[in-house]
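Have a look at final.cif below; it lists mmCIF, C-alpha atoms (C1' of nucleotides).
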data_coords
#
loop_
_atom_site.group_PDB
_atom_site.id
_atom_site.type_symbol
_atom_site.label_atom_id
_atom_site.label_comp_id
_atom_site.auth_asym_id
_atom_site.auth_seq_id
_atom_site.Cartn_x
_atom_site.Cartn_y
_atom_site.Cartn_z
ATOM 1 C CA MET A 42 181.900 92.430 70.081
ATOM 2 C CA GLY A 43 179.991 90.168 67.727
ATOM 3 C CA VAL A 44 177.749 91.373 64.974
ATOM 4 C CA ILE A 45 174.059 91.008 65.567
ATOM 5 C CA ARG A 46 172.160 89.495 62.729
ATOM 6 C CA LYS A 47 169.173 91.593 61.866
ATOM 7 C CA THR A 48 166.760 88.720 61.773
ATOM 8 C CA LYS A 49 163.047 89.257 61.635
ATOM 9 C CA ALA A 50 162.812 88.733 65.369
ATOM 10 C CA VAL A 51 165.597 91.178 66.139
ATOM 11 C CA LYS A 52 164.014 93.817 63.940
ATOM 12 C CA ALA A 53 160.636 93.378 65.601
ATOM 13 C CA LEU A 54 162.222 93.879 68.990
ATOM 14 C CA LEU A 55 164.301 96.885 68.024
ATOM 15 C CA GLN A 56 161.272 98.513 66.510
ATOM 16 C CA LEU A 57 159.604 98.612 69.895
ATOM 17 C CA PHE A 58 162.454 100.680 71.262
ATOM 18 C CA GLU A 59 162.651 102.965 68.268
ATOM 19 C CA ASN A 60 160.103 105.597 69.097
ATOM 20 C CA THR A 61 160.414 105.829 72.830
ATOM 21 C CA ASP A 62 162.866 106.631 75.562
ATOM 22 C CA ASN A 63 160.890 104.547 77.974
ATOM 23 C CA ALA A 64 162.304 101.418 79.445
ATOM 24 C CA MET A 65 160.334 98.235 78.942
ATOM 25 C CA SER A 66 160.129 95.184 81.125
ATOM 26 C CA VAL A 67 160.887 91.831 79.575
ATOM 27 C CA VAL A 68 157.496 90.635 80.699
ATOM 28 C CA ASP A 69 155.880 93.406 78.728
ATOM 29 C CA LEU A 70 158.039 92.803 75.675
ATOM 30 C CA VAL A 71 157.264 89.101 75.733
ATOM 31 C CA LYS A 72 153.564 89.859 75.928
ATOM 32 C CA ARG A 73 153.692 92.339 73.083
ATOM 33 C CA LEU A 74 155.569 89.959 70.814
ATOM 34 C CA GLU A 75 154.033 86.669 71.788
ATOM 35 C CA LYS A 76 152.183 86.261 68.515
ATOM 36 C CA ASP A 77 155.414 86.395 66.542
ATOM 37 C CA ILE A 78 158.349 85.584 68.772
ATOM 38 C CA ASN A 79 158.813 82.939 71.397
ATOM 39 C CA LYS A 80 159.450 84.014 74.974
ATOM 40 C CA THR A 81 162.846 82.340 75.131
ATOM 41 C CA THR A 82 163.904 84.059 71.952
ATOM 42 C CA VAL A 83 162.939 87.432 73.347
ATOM 43 C CA TYR A 84 165.102 86.814 76.391
ATOM 44 C CA ARG A 85 168.014 85.742 74.235
ATOM 45 C CA ILE A 86 167.822 88.575 71.757
ATOM 46 C CA LEU A 87 167.706 91.107 74.569
ATOM 47 C CA GLU A 88 170.808 89.549 76.056
ATOM 48 C CA ARG A 89 172.619 89.823 72.759
ATOM 49 C CA LEU A 90 171.540 93.395 72.238
ATOM 50 C CA GLU A 91 172.843 94.281 75.665
ATOM 51 C CA GLN A 92 176.181 92.602 75.054
ATOM 52 C CA ASP A 93 176.450 94.595 71.894
ATOM 53 C CA GLY A 94 175.771 97.866 73.605
ATOM 54 C CA VAL A 95 172.464 98.552 71.917
ATOM 55 C CA LEU A 96 170.388 98.192 75.059
ATOM 56 C CA HIS A 97 171.105 98.178 78.762
ATOM 57 C CA SER A 98 169.254 96.350 81.483
ATOM 58 C CA PHE A 99 168.516 96.871 85.142
ATOM 59 C CA ASN A 100 166.069 95.662 87.770
ATOM 60 C CA GLY A 101 162.894 97.480 88.649
ATOM 61 C CA LYS A 102 161.383 97.844 92.074
ATOM 62 C CA ASP A 103 159.014 95.116 90.926
ATOM 63 C CA ARG A 104 162.023 92.824 90.572
ATOM 64 C CA LEU A 105 161.440 92.496 86.856
ATOM 65 C CA LYS A 106 164.192 92.907 84.316
ATOM 66 C CA TRP A 107 163.907 96.143 82.367
ATOM 67 C CA TYR A 108 165.619 97.200 79.169
ATOM 68 C CA ALA A 109 166.186 100.575 77.596
ATOM 69 C CA LYS A 110 168.291 102.047 74.824
ATOM 70 C CA TYR A 111 171.896 102.500 75.712
ATOM 71 C CA GLU A 112 172.584 106.111 74.696
ATOM 72 C CA GLY A 113 176.249 106.677 74.911
ATOM 73 C CA CYS A 114 177.437 105.110 78.118
ATOM 74 C CA THR A 115 179.991 102.364 77.717
ATOM 75 C CA PRO A 116 180.033 99.260 79.880
ATOM 76 C CA GLU A 117 183.340 100.339 81.432
ATOM 77 C CA HIS A 118 182.083 103.758 82.337
ATOM 78 C CA ARG A 119 178.948 103.173 84.265
ATOM 79 C CA ILE A 120 179.983 104.412 87.640
ATOM 80 C CA ASP A 121 178.554 107.840 87.099
ATOM 81 C CA ALA A 122 175.438 106.003 86.185
ATOM 82 C CA HIS A 123 172.216 107.573 85.146
ATOM 83 C CA PRO A 124 169.327 106.845 87.454
ATOM 84 C CA HIS A 125 166.070 105.208 86.512
ATOM 85 C CA PHE A 126 162.724 106.321 87.722
ATOM 86 C CA GLN A 127 159.833 103.985 88.385
ATOM 87 C CA CYS A 128 156.348 105.236 89.071
ATOM 88 C CA LYS A 129 154.806 103.321 91.915
ATOM 89 C CA ASP A 130 151.311 103.931 90.611
ATOM 90 C CA CYS A 131 151.528 102.934 86.962
ATOM 91 C CA GLY A 132 154.809 101.025 87.142
ATOM 92 C CA SER A 133 156.357 102.756 84.135
ATOM 93 C CA VAL A 134 160.095 103.254 84.069
ATOM 94 C CA ARG A 135 162.243 105.904 82.436
ATOM 95 C CA CYS A 136 165.926 106.597 82.155
ATOM 96 C CA LEU A 137 166.765 109.979 83.608
ATOM 97 C CA HIS A 138 169.515 111.899 81.960
ATOM 98 C CA THR A 139 170.730 113.304 85.233
ATOM 99 C CA ASN A 140 174.113 111.918 86.117
ATOM 100 C CA ILE A 141 174.685 111.066 89.730
ATOM 101 C CA SER A 142 178.193 110.809 91.051
ATOM 102 C CA ILE A 143 178.885 107.840 93.199
ATOM 103 C CA PRO A 144 181.344 108.614 95.958
ATOM 104 C CA VAL A 145 184.386 106.469 96.486
ATOM 105 C CA VAL A 146 183.718 104.066 99.303
ATOM 106 C CA GLU A 147 186.447 102.820 101.551
ATOM 107 C CA ASN A 148 187.071 99.083 101.505
ATOM 108 C CA TYR A 149 184.922 98.570 98.436
ATOM 109 C CA ILE A 150 185.815 98.636 94.789
ATOM 110 C CA VAL A 151 182.754 99.932 93.024
ATOM 111 C CA HIS A 152 182.356 98.798 89.448
ATOM 112 C CA SER A 153 178.878 99.974 88.691
ATOM 113 C CA ALA A 154 175.787 101.382 90.271
ATOM 114 C CA GLU A 155 172.086 100.892 89.950
ATOM 115 C CA ILE A 156 170.081 103.860 91.048
ATOM 116 C CA LEU A 157 166.344 103.507 91.084
ATOM 117 C CA LEU A 158 164.199 106.448 92.112
ATOM 118 C CA ILE A 159 160.686 105.593 93.118
ATOM 119 C CA GLY A 160 157.764 107.978 93.163
ATOM 120 C CA GLN A 161 155.076 109.383 90.952
ATOM 121 C CA CYS A 162 155.368 110.298 87.304
ATOM 122 C CA LYS A 163 153.795 113.349 85.757
ATOM 123 C CA ASP A 164 150.739 111.461 84.552
ATOM 124 C CA CYS A 165 149.983 109.863 87.894
ATOM 125 C CA SER A 166 150.503 112.938 90.051
ATOM 126 C CA SER A 167 148.122 115.240 88.198
ATOM 127 C CA MET B 132 152.080 101.255 113.988
ATOM 128 C CA GLY B 133 151.048 97.923 115.453
ATOM 129 C CA VAL B 134 152.903 96.152 118.175
ATOM 130 C CA ILE B 135 154.879 93.128 117.134
ATOM 131 C CA ARG B 136 154.403 90.127 119.320
ATOM 132 C CA LYS B 137 157.724 88.743 120.356
ATOM 133 C CA THR B 138 156.876 85.189 119.544
ATOM 134 C CA LYS B 139 159.490 82.484 119.450
ATOM 135 C CA ALA B 140 159.732 82.827 115.692
ATOM 136 C CA VAL B 141 160.118 86.596 115.801
ATOM 137 C CA LYS B 142 162.850 86.324 118.420
ATOM 138 C CA ALA B 143 164.749 83.756 116.383
ATOM 139 C CA LEU B 144 164.666 86.033 113.384
ATOM 140 C CA LEU B 145 165.680 89.167 115.247
ATOM 141 C CA GLN B 146 168.573 87.336 116.801
ATOM 142 C CA LEU B 147 170.106 86.794 113.391
ATOM 143 C CA PHE B 148 170.232 90.532 112.841
ATOM 144 C CA GLU B 149 171.531 91.317 116.293
ATOM 145 C CA ASN B 150 175.242 90.927 115.867
ATOM 146 C CA THR B 151 175.758 92.105 112.339
ATOM 147 C CA ASP B 152 175.341 95.102 110.129
ATOM 148 C CA ASN B 153 175.191 92.908 107.105
ATOM 149 C CA ALA B 154 172.082 92.609 105.080
ATOM 150 C CA MET B 155 170.641 89.144 104.628
ATOM 151 C CA SER B 156 168.632 87.751 101.769
ATOM 152 C CA VAL B 157 165.312 86.133 102.549
ATOM 153 C CA VAL B 158 166.543 82.988 100.857
ATOM 154 C CA ASP B 159 169.423 82.834 103.277
ATOM 155 C CA LEU B 160 167.244 83.560 106.281
ATOM 156 C CA VAL B 161 164.771 80.874 105.266
ATOM 157 C CA LYS B 162 167.596 78.385 104.930
ATOM 158 C CA ARG B 163 169.095 79.262 108.276
ATOM 159 C CA LEU B 164 165.790 78.928 110.077
ATOM 160 C CA GLU B 165 164.224 76.062 108.211
ATOM 161 C CA LYS B 166 164.544 73.652 111.090
ATOM 162 C CA ASP B 167 162.464 75.871 113.354
ATOM 163 C CA ILE B 168 160.367 78.235 111.277
ATOM 164 C CA ASN B 169 158.345 77.678 108.180
ATOM 165 C CA LYS B 170 159.341 79.522 105.030
ATOM 166 C CA THR B 171 156.034 81.334 104.741
ATOM 167 C CA THR B 172 156.304 82.491 108.315
ATOM 168 C CA VAL B 173 159.743 83.930 107.702
ATOM 169 C CA TYR B 174 158.399 85.960 104.810
ATOM 170 C CA ARG B 175 155.511 87.219 106.898
ATOM 171 C CA ILE B 176 157.519 88.129 109.959
ATOM 172 C CA LEU B 177 159.997 90.077 107.838
ATOM 173 C CA GLU B 178 157.116 91.991 106.331
ATOM 174 C CA ARG B 179 155.807 92.873 109.757
ATOM 175 C CA LEU B 180 159.206 93.896 111.011
ATOM 176 C CA GLU B 181 159.608 96.180 108.048
ATOM 177 C CA GLN B 182 156.206 97.772 108.556
ATOM 178 C CA ASP B 183 157.188 98.426 112.105
ATOM 179 C CA GLY B 184 160.442 100.086 111.172
ATOM 180 C CA VAL B 185 162.700 97.461 112.669
ATOM 181 C CA LEU B 186 164.083 96.300 109.337
ATOM 182 C CA HIS B 187 164.155 97.679 105.841
ATOM 183 C CA SER B 188 164.183 95.772 102.592
ATOM 184 C CA PHE B 189 165.549 96.295 99.130
ATOM 185 C CA ASN B 190 166.366 94.259 96.051
ATOM 186 C CA GLY B 191 169.795 92.870 95.309
ATOM 187 C CA LYS B 192 171.407 92.672 91.913
ATOM 188 C CA ASP B 193 170.507 88.991 92.152
ATOM 189 C CA ARG B 194 166.843 89.992 92.261
ATOM 190 C CA LEU B 195 166.459 88.545 95.718
ATOM 191 C CA LYS B 196 164.825 90.419 98.543
ATOM 192 C CA TRP B 197 167.306 91.567 101.165
ATOM 193 C CA TYR B 198 166.690 92.834 104.672
ATOM 194 C CA ALA B 199 168.827 94.829 107.062
ATOM 195 C CA LYS B 200 168.360 96.733 110.300
ATOM 196 C CA TYR B 201 166.710 100.060 109.927
ATOM 197 C CA GLU B 202 169.049 102.368 111.832
ATOM 198 C CA GLY B 203 167.387 105.686 112.218
ATOM 199 C CA CYS B 204 165.872 106.500 108.871
ATOM 200 C CA THR B 205 162.133 106.925 108.908
ATOM 201 C CA PRO B 206 159.890 105.747 106.114
ATOM 202 C CA GLU B 207 159.035 109.349 105.250
ATOM 203 C CA HIS B 208 162.646 110.411 105.082
ATOM 204 C CA ARG B 209 164.294 108.013 102.752
ATOM 205 C CA ILE B 210 165.140 110.306 99.917
ATOM 206 C CA ASP B 211 168.671 110.872 101.084
ATOM 207 C CA ALA B 212 168.888 107.154 101.146
ATOM 208 C CA HIS B 213 171.917 105.192 102.107
ATOM 209 C CA PRO B 214 173.303 103.004 99.370
ATOM 210 C CA HIS B 215 173.801 99.286 99.521
ATOM 211 C CA PHE B 216 176.827 97.498 98.255
ATOM 212 C CA GLN B 217 176.739 94.029 96.749
ATOM 213 C CA CYS B 218 179.882 92.087 95.993
ATOM 214 C CA LYS B 219 179.614 90.431 92.629
ATOM 215 C CA ASP B 220 182.002 87.683 93.663
ATOM 216 C CA CYS B 221 180.628 86.492 96.989
ATOM 217 C CA GLY B 222 177.180 88.081 96.726
ATOM 218 C CA SER B 223 177.268 89.614 100.201
ATOM 219 C CA VAL B 224 175.441 92.872 100.782
ATOM 220 C CA ARG B 225 176.101 95.704 103.217
ATOM 221 C CA CYS B 226 174.424 98.960 104.062
ATOM 222 C CA LEU B 227 176.838 101.831 103.535
ATOM 223 C CA HIS B 228 176.528 104.741 105.870
ATOM 224 C CA THR B 229 177.401 107.223 103.165
ATOM 225 C CA ASN B 230 174.427 109.372 102.381
ATOM 226 C CA ILE B 231 173.843 110.188 98.764
ATOM 227 C CA SER B 232 171.745 113.164 97.848
ATOM 228 C CA ILE B 233 169.189 112.569 95.191
ATOM 229 C CA PRO B 234 168.688 115.601 92.992
ATOM 230 C CA VAL B 235 165.252 116.950 92.360
ATOM 231 C CA VAL B 236 164.027 115.731 89.011
ATOM 232 C CA GLU B 237 161.672 117.733 86.903
ATOM 233 C CA ASN B 238 158.306 116.133 86.201
ATOM 234 C CA TYR B 239 158.821 113.426 88.780
ATOM 235 C CA ILE B 240 157.957 113.323 92.428
ATOM 236 C CA VAL B 241 160.614 111.210 94.062
ATOM 237 C CA HIS B 242 159.536 109.434 97.214
ATOM 238 C CA SER B 243 162.445 107.117 97.773
ATOM 239 C CA ALA B 244 165.567 105.800 96.165
ATOM 240 C CA GLU B 245 167.274 102.484 95.885
ATOM 241 C CA ILE B 246 170.973 102.780 95.277
ATOM 242 C CA LEU B 247 172.872 99.593 94.738
ATOM 243 C CA LEU B 248 176.609 99.730 94.199
ATOM 244 C CA ILE B 249 178.122 96.660 92.639
ATOM 245 C CA GLY B 250 181.743 95.666 92.836
ATOM 246 C CA GLN B 251 184.182 93.801 95.008
ATOM 247 C CA CYS B 252 184.288 93.725 98.761
ATOM 248 C CA LYS B 253 187.462 93.819 100.813
ATOM 249 C CA ASP B 254 187.583 90.051 101.206
ATOM 250 C CA CYS B 255 187.177 89.312 97.536
ATOM 251 C CA SER B 256 189.596 91.916 96.212
ATOM 252 C CA SER B 257 192.597 90.893 98.287
ATOM 253 C "C1'" DT C 167 136.015 80.407 130.615
ATOM 254 C "C1'" DG C 168 134.532 81.484 126.197
ATOM 255 C "C1'" DT C 169 135.275 84.521 122.277
ATOM 256 C "C1'" DT C 170 137.776 87.178 119.205
ATOM 257 C "C1'" DT C 171 142.076 88.107 116.790
ATOM 258 C "C1'" DA C 172 146.817 87.224 115.369
ATOM 259 C "C1'" DT C 173 150.216 83.869 114.154
ATOM 260 C "C1'" DT C 174 151.871 79.745 112.148
ATOM 261 C "C1'" DG C 175 152.474 75.520 109.072
ATOM 262 C "C1'" DC C 176 151.488 73.036 105.096
ATOM 263 C "C1'" DA C 177 150.535 72.188 100.406
ATOM 264 C "C1'" DA C 178 149.749 74.031 96.284
ATOM 265 C "C1'" DA C 179 149.938 77.759 93.105
ATOM 266 C "C1'" DT C 180 152.123 81.637 90.621
ATOM 267 C "C1'" DG C 181 155.175 83.605 87.575
ATOM 268 C "C1'" DA C 182 159.771 85.254 85.944
ATOM 269 C "C1'" DG C 183 163.534 83.518 84.086
ATOM 270 C "C1'" DT C 184 166.388 79.350 82.324
ATOM 271 C "C1'" DT C 185 167.836 74.988 80.038
ATOM 272 C "C1'" DG C 186 168.195 71.131 76.802
ATOM 273 C "C1'" DC C 187 167.335 69.707 72.536
ATOM 274 C "C1'" DA C 188 165.828 69.266 68.016
ATOM 275 C "C1'" DA C 189 164.554 72.078 63.878
ATOM 276 C "C1'" DT C 190 165.537 75.721 60.976
ATOM 277 C "C1'" DA C 191 168.032 79.485 58.893
ATOM 278 C "C1'" DA C 192 172.140 81.881 57.754
ATOM 279 C "C1'" DT C 193 176.955 81.866 56.635
ATOM 280 C "C1'" DT C 194 181.185 79.832 55.224
ATOM 281 C "C1'" DT C 195 184.017 76.667 52.722
ATOM 282 C "C1'" DA C 196 185.334 73.584 49.283
ATOM 283 C "C1'" DT D 118 176.205 75.662 43.990
ATOM 284 C "C1'" DA D 119 176.244 72.010 47.344
ATOM 285 C "C1'" DA D 120 177.952 70.388 51.522
ATOM 286 C "C1'" DA D 121 179.495 71.645 56.027
ATOM 287 C "C1'" DT D 122 179.709 74.641 59.827
ATOM 288 C "C1'" DT D 123 177.645 77.953 62.907
ATOM 289 C "C1'" DA D 124 173.951 80.869 64.761
ATOM 290 C "C1'" DT D 125 169.145 81.441 65.727
ATOM 291 C "C1'" DT D 126 164.676 79.953 67.004
ATOM 292 C "C1'" DG D 127 160.678 77.306 69.144
ATOM 293 C "C1'" DC D 128 158.967 74.186 72.302
ATOM 294 C "C1'" DA D 129 158.389 71.840 76.509
ATOM 295 C "C1'" DA D 130 159.888 71.199 80.718
ATOM 296 C "C1'" DC D 131 162.264 72.932 84.515
ATOM 297 C "C1'" DT D 132 163.983 75.975 88.496
ATOM 298 C "C1'" DC D 133 163.243 78.658 92.199
ATOM 299 C "C1'" DA D 134 161.705 82.900 94.828
ATOM 300 C "C1'" DT D 135 157.625 84.450 96.402
ATOM 301 C "C1'" DT D 136 152.507 84.155 97.323
ATOM 302 C "C1'" DT D 137 147.947 82.278 98.563
ATOM 303 C "C1'" DG D 138 144.269 79.658 100.785
ATOM 304 C "C1'" DC D 139 143.036 77.273 104.504
ATOM 305 C "C1'" DA D 140 142.924 74.873 108.619
ATOM 306 C "C1'" DA D 141 145.283 74.570 113.197
ATOM 307 C "C1'" DT D 142 147.167 76.740 117.004
ATOM 308 C "C1'" DA D 143 148.348 80.377 120.211
ATOM 309 C "C1'" DA D 144 147.653 84.738 122.331
ATOM 310 C "C1'" DA D 145 144.825 88.498 124.015
ATOM 311 C "C1'" DC D 146 140.598 90.170 125.583
ATOM 312 C "C1'" DA D 147 135.902 90.466 127.410
#
As structure tokens:
Amino acid sequence: MGVIRKTKAVKALLQLFENTDNAMSVVDLVKRLEKDINKTTVYRILERLEQDGVLHSFNGKDRLKWYAKYEGCTPEHRIDAHPHFQCKDCGSVRCLHTNISIPVVENYIVHSAEILLIGQCKDCSS
Amino acid sequence: MGVIRKTKAVKALLQLFENTDNAMSVVDLVKRLEKDINKTTVYRILERLEQDGVLHSFNGKDRLKWYAKYEGCTPEHRIDAHPHFQCKDCGSVRCLHTNISIPVVENYIVHSAEILLIGQCKDCSS
DNA sequence: TGTTTATTGCAAATGAGTTGCAATAATTTA
DNA sequence: TAAATTATTGCAACTCATTTGCAATAAACA
């Protein structure tokens, strides 16, 4: 578990996650930071932050890579994973704090689970 | 619900799904059929077959599009979705016939769920 | 048969994510 | 503190799955 240097770029990225529980796609993050940070750097910082347990990543229905704050779960203990919800109208993604138990499956050793619920968020259904 | 013409290309594709319960990635299907069917055509036939309820698609951990036979579930009734399992060693994907109940989530209308379990398959763990 | 409609192939485009490399910045060591 | 080592960043070019436009062909229908 290396130490992450709090460079200017790292700080700028972390700041975007500070005031929200929303997940953000890398595409979106790259766009928001493109004036200050290079695309490649964004990808690499996110990778480091995930390795260090600050963020976690998963794939959206849109097949983009999404990141959100890690909030407690350890990499070894992801089987009772929290689901993510993606709104099919606006595309936004949130971590849900409902834990879903994954049953033991015969013939398969399950290490982790990615649960993506798809539907409509509050804003888009009203 | 349109009728799918059983063209030569459609038949060739369906045949690949006939004797297996495995899911197949589009990349793999394209490769297997490249002598006879154009890549674009493969993509389009798969789309049609999904619209017609013959196949269903989902995303793998590898961010590829995967297809498998549909087996009973209707598009309107996917909430108690069956999970898919992807082996992180060999990359193979299977539909599991274990139904997982998705809890009702406040503030979100859940239409469907994508549950991907990641781990080791029988072949790779022995 | 002639006309409309669906299917296919091809080439080129799109766009997310990655790689190699040189430049810079931070840290360590002498 | 300066030199040496190590980590971070930017840039350009690349990879590769998926999509698009368009013309050619095949099937269905009148």
Matched chain/residue IDs from the PyMOL selection byres ((chain D) within 12 of (chain A)), as a ChimeraX atom specification: /D:124-129,134-135
Restricted to C-alpha atoms (C1' of nucleotides), what would the selected residues look like written as a CSV table (one decimal), keeping the file's coordinate frame?
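Generated file (part.csv):
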chain,number,residue,atom,x,y,z
D,124,DA,C1',174.0,80.9,64.8
D,125,DT,C1',169.1,81.4,65.7
D,126,DT,C1',164.7,80.0,67.0
D,127,DG,C1',160.7,77.3,69.1
D,128,DC,C1',159.0,74.2,72.3
D,129,DA,C1',158.4,71.8,76.5
D,134,DA,C1',161.7,82.9,94.8
D,135,DT,C1',157.6,84.4,96.4
Run through the PyMOL selection byres ((chain C and resi 177-187) around 8) on the given coordinates and return the selected residues as an NGL selection string. (:A and (68 or 105)) or (:C and (176 or 188)) or (:D and (131-132 or 136-137))
Please provide the set of residues having any atom within 6 Å of A:Lys106, restricted to all atoms listed in the file, with same-chain residues fewer than 6 positions apart removed, written as a PyMOL selection string. chain A and resi 66-67+99-100
How would the residues just picked look written out with C-alpha atoms as a PDB file, keeping the file's coordinate frame?
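Okay, this is what ended up in part-v2.pdb:
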ATOM      1  CA  SER A  66     160.129  95.184  81.125  1.00  0.00           C
ATOM      2  CA  VAL A  67     160.887  91.831  79.575  1.00  0.00           C
ATOM      3  CA  PHE A  99     168.516  96.871  85.142  1.00  0.00           C
ATOM      4  CA  ASN A 100     166.069  95.662  87.770  1.00  0.00           C
TER       5      ASN A 100
END
At a cut-off of 9 Å, can you tabulate as a tab-separated table every residue of chain C near chain B together with its closest atom pair and the distance in Å to one decimal, using all atoms listed in the file and ordering rows by chain then number?
residue	atom	partner	partner_atom	distance
C:DT173	C1'	B:Thr172	CA	8.5
C:DT174	C1'	B:Thr172	CA	6.5
C:DG175	C1'	B:Asn169	CA	6.3
C:DC176	C1'	B:Asn169	CA	8.8
Just the selected residues (C-alpha atoms (C1' of nucleotides)), exported as a short mmCIF file (atom, residue, chain, number, x, y, z; two decimals), keeping the file's coordinate frame, please.
data_model
loop_
_atom_site.label_atom_id
_atom_site.label_comp_id
_atom_site.auth_asym_id
_atom_site.auth_seq_id
_atom_site.Cartn_x
_atom_site.Cartn_y
_atom_site.Cartn_z
"C1'" DT C 173 150.22 83.87 114.15
"C1'" DT C 174 151.87 79.74 112.15
"C1'" DG C 175 152.47 75.52 109.07
"C1'" DC C 176 151.49 73.04 105.10
#
Using all atoms listed in the file, select each residue of chain B with any atom at most 8 Å away from an atom of chain A, and give the selection as a tab-separated table (two decimals) with C-alpha atoms, in the frame of the given file.
chain	number	residue	atom	x	y	z
B	190	ASN	CA	166.37	94.26	96.05
B	192	LYS	CA	171.41	92.67	91.91
B	194	ARG	CA	166.84	89.99	92.26
B	231	ILE	CA	173.84	110.19	98.76
B	233	ILE	CA	169.19	112.57	95.19
B	238	ASN	CA	158.31	116.13	86.20
B	239	TYR	CA	158.82	113.43	88.78
B	240	ILE	CA	157.96	113.32	92.43
B	241	VAL	CA	160.61	111.21	94.06
B	242	HIS	CA	159.54	109.43	97.21
B	243	SER	CA	162.44	107.12	97.77
B	244	ALA	CA	165.57	105.80	96.16
B	245	GLU	CA	167.27	102.48	95.88
B	246	ILE	CA	170.97	102.78	95.28
B	247	LEU	CA	172.87	99.59	94.74
B	248	LEU	CA	176.61	99.73	94.20
B	249	ILE	CA	178.12	96.66	92.64
B	250	GLY	CA	181.74	95.67	92.84
B	251	GLN	CA	184.18	93.80	95.01
B	252	CYS	CA	184.29	93.72	98.76
B	253	LYS	CA	187.46	93.82	100.81
B	256	SER	CA	189.60	91.92	96.21
Can you translate the PyMOL selection byres ((chain C and resi 167) around 12) into the concrete residues it hits in this file, as a tab-separated table (two decimals) with C-alpha atoms (C1' of nucleotides), keeping the file's coordinate frame?
chain	number	residue	atom	x	y	z
C	168	DG	C1'	134.53	81.48	126.20
C	169	DT	C1'	135.28	84.52	122.28
D	146	DC	C1'	140.60	90.17	125.58
D	147	DA	C1'	135.90	90.47	127.41
Could you jot down the atom CA of A:Tyr111 to atom CA of A:Cys131 separation for me, Å, one decimal place? 23.3 Å
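From atom CA of A:Cys136 back to atom CA of A:His123, the distance works out to 7.0 Å.
Separating atom CA of B:Met155 from atom CA of B:Ala212 is a distance of 18.4 Å.
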Long-range neighbours of B:Phe148 as a PDB file with C-alpha atoms, in the frame of the given file, 12 Å cut-off, all atoms listed in the file, 2 positions minimum in chain:
ATOM      1  CA  VAL B 141     160.118  86.596 115.801  1.00  0.00           C
ATOM      2  CA  LYS B 142     162.850  86.324 118.420  1.00  0.00           C
ATOM      3  CA  ALA B 143     164.749  83.756 116.383  1.00  0.00           C
ATOM      4  CA  LEU B 144     164.666  86.033 113.384  1.00  0.00           C
ATOM      5  CA  LEU B 145     165.680  89.167 115.247  1.00  0.00           C
ATOM      6  CA  GLN B 146     168.573  87.336 116.801  1.00  0.00           C
ATOM      7  CA  ASN B 150     175.242  90.927 115.867  1.00  0.00           C
ATOM      8  CA  THR B 151     175.758  92.105 112.339  1.00  0.00           C
ATOM      9  CA  ASP B 152     175.341  95.102 110.129  1.00  0.00           C
ATOM     10  CA  ASN B 153     175.191  92.908 107.105  1.00  0.00           C
ATOM     11  CA  ALA B 154     172.082  92.609 105.080  1.00  0.00           C
ATOM     12  CA  MET B 155     170.641  89.144 104.628  1.00  0.00           C
ATOM     13  CA  SER B 156     168.632  87.751 101.769  1.00  0.00           C
ATOM     14  CA  LEU B 160     167.244  83.560 106.281  1.00  0.00           C
ATOM     15  CA  LEU B 177     159.997  90.077 107.838  1.00  0.00           C
ATOM     16  CA  LEU B 180     159.206  93.896 111.011  1.00  0.00           C
ATOM     17  CA  VAL B 185     162.700  97.461 112.669  1.00  0.00           C
ATOM     18  CA  LEU B 186     164.083  96.300 109.337  1.00  0.00           C
ATOM     19  CA  HIS B 187     164.155  97.679 105.841  1.00  0.00           C
ATOM     20  CA  TYR B 198     166.690  92.834 104.672  1.00  0.00           C
ATOM     21  CA  ALA B 199     168.827  94.829 107.062  1.00  0.00           C
ATOM     22  CA  LYS B 200     168.360  96.733 110.300  1.00  0.00           C
ATOM     23  CA  TYR B 201     166.710 100.060 109.927  1.00  0.00           C
ATOM     24  CA  GLU B 202     169.049 102.368 111.832  1.00  0.00           C
TER      25      GLU B 202
END
Could you give me the centre and size, in Å to one decimal, of an axis-aligned box around all listed atoms of stretch 181-190 of chain C with 3 Å added on every side, as AutoDock Vina command-line options?
--center_x 161.7 --center_y 77.3 --center_z 74.3 --size_x 19.0 --size_y 22.0 --size_z 32.6
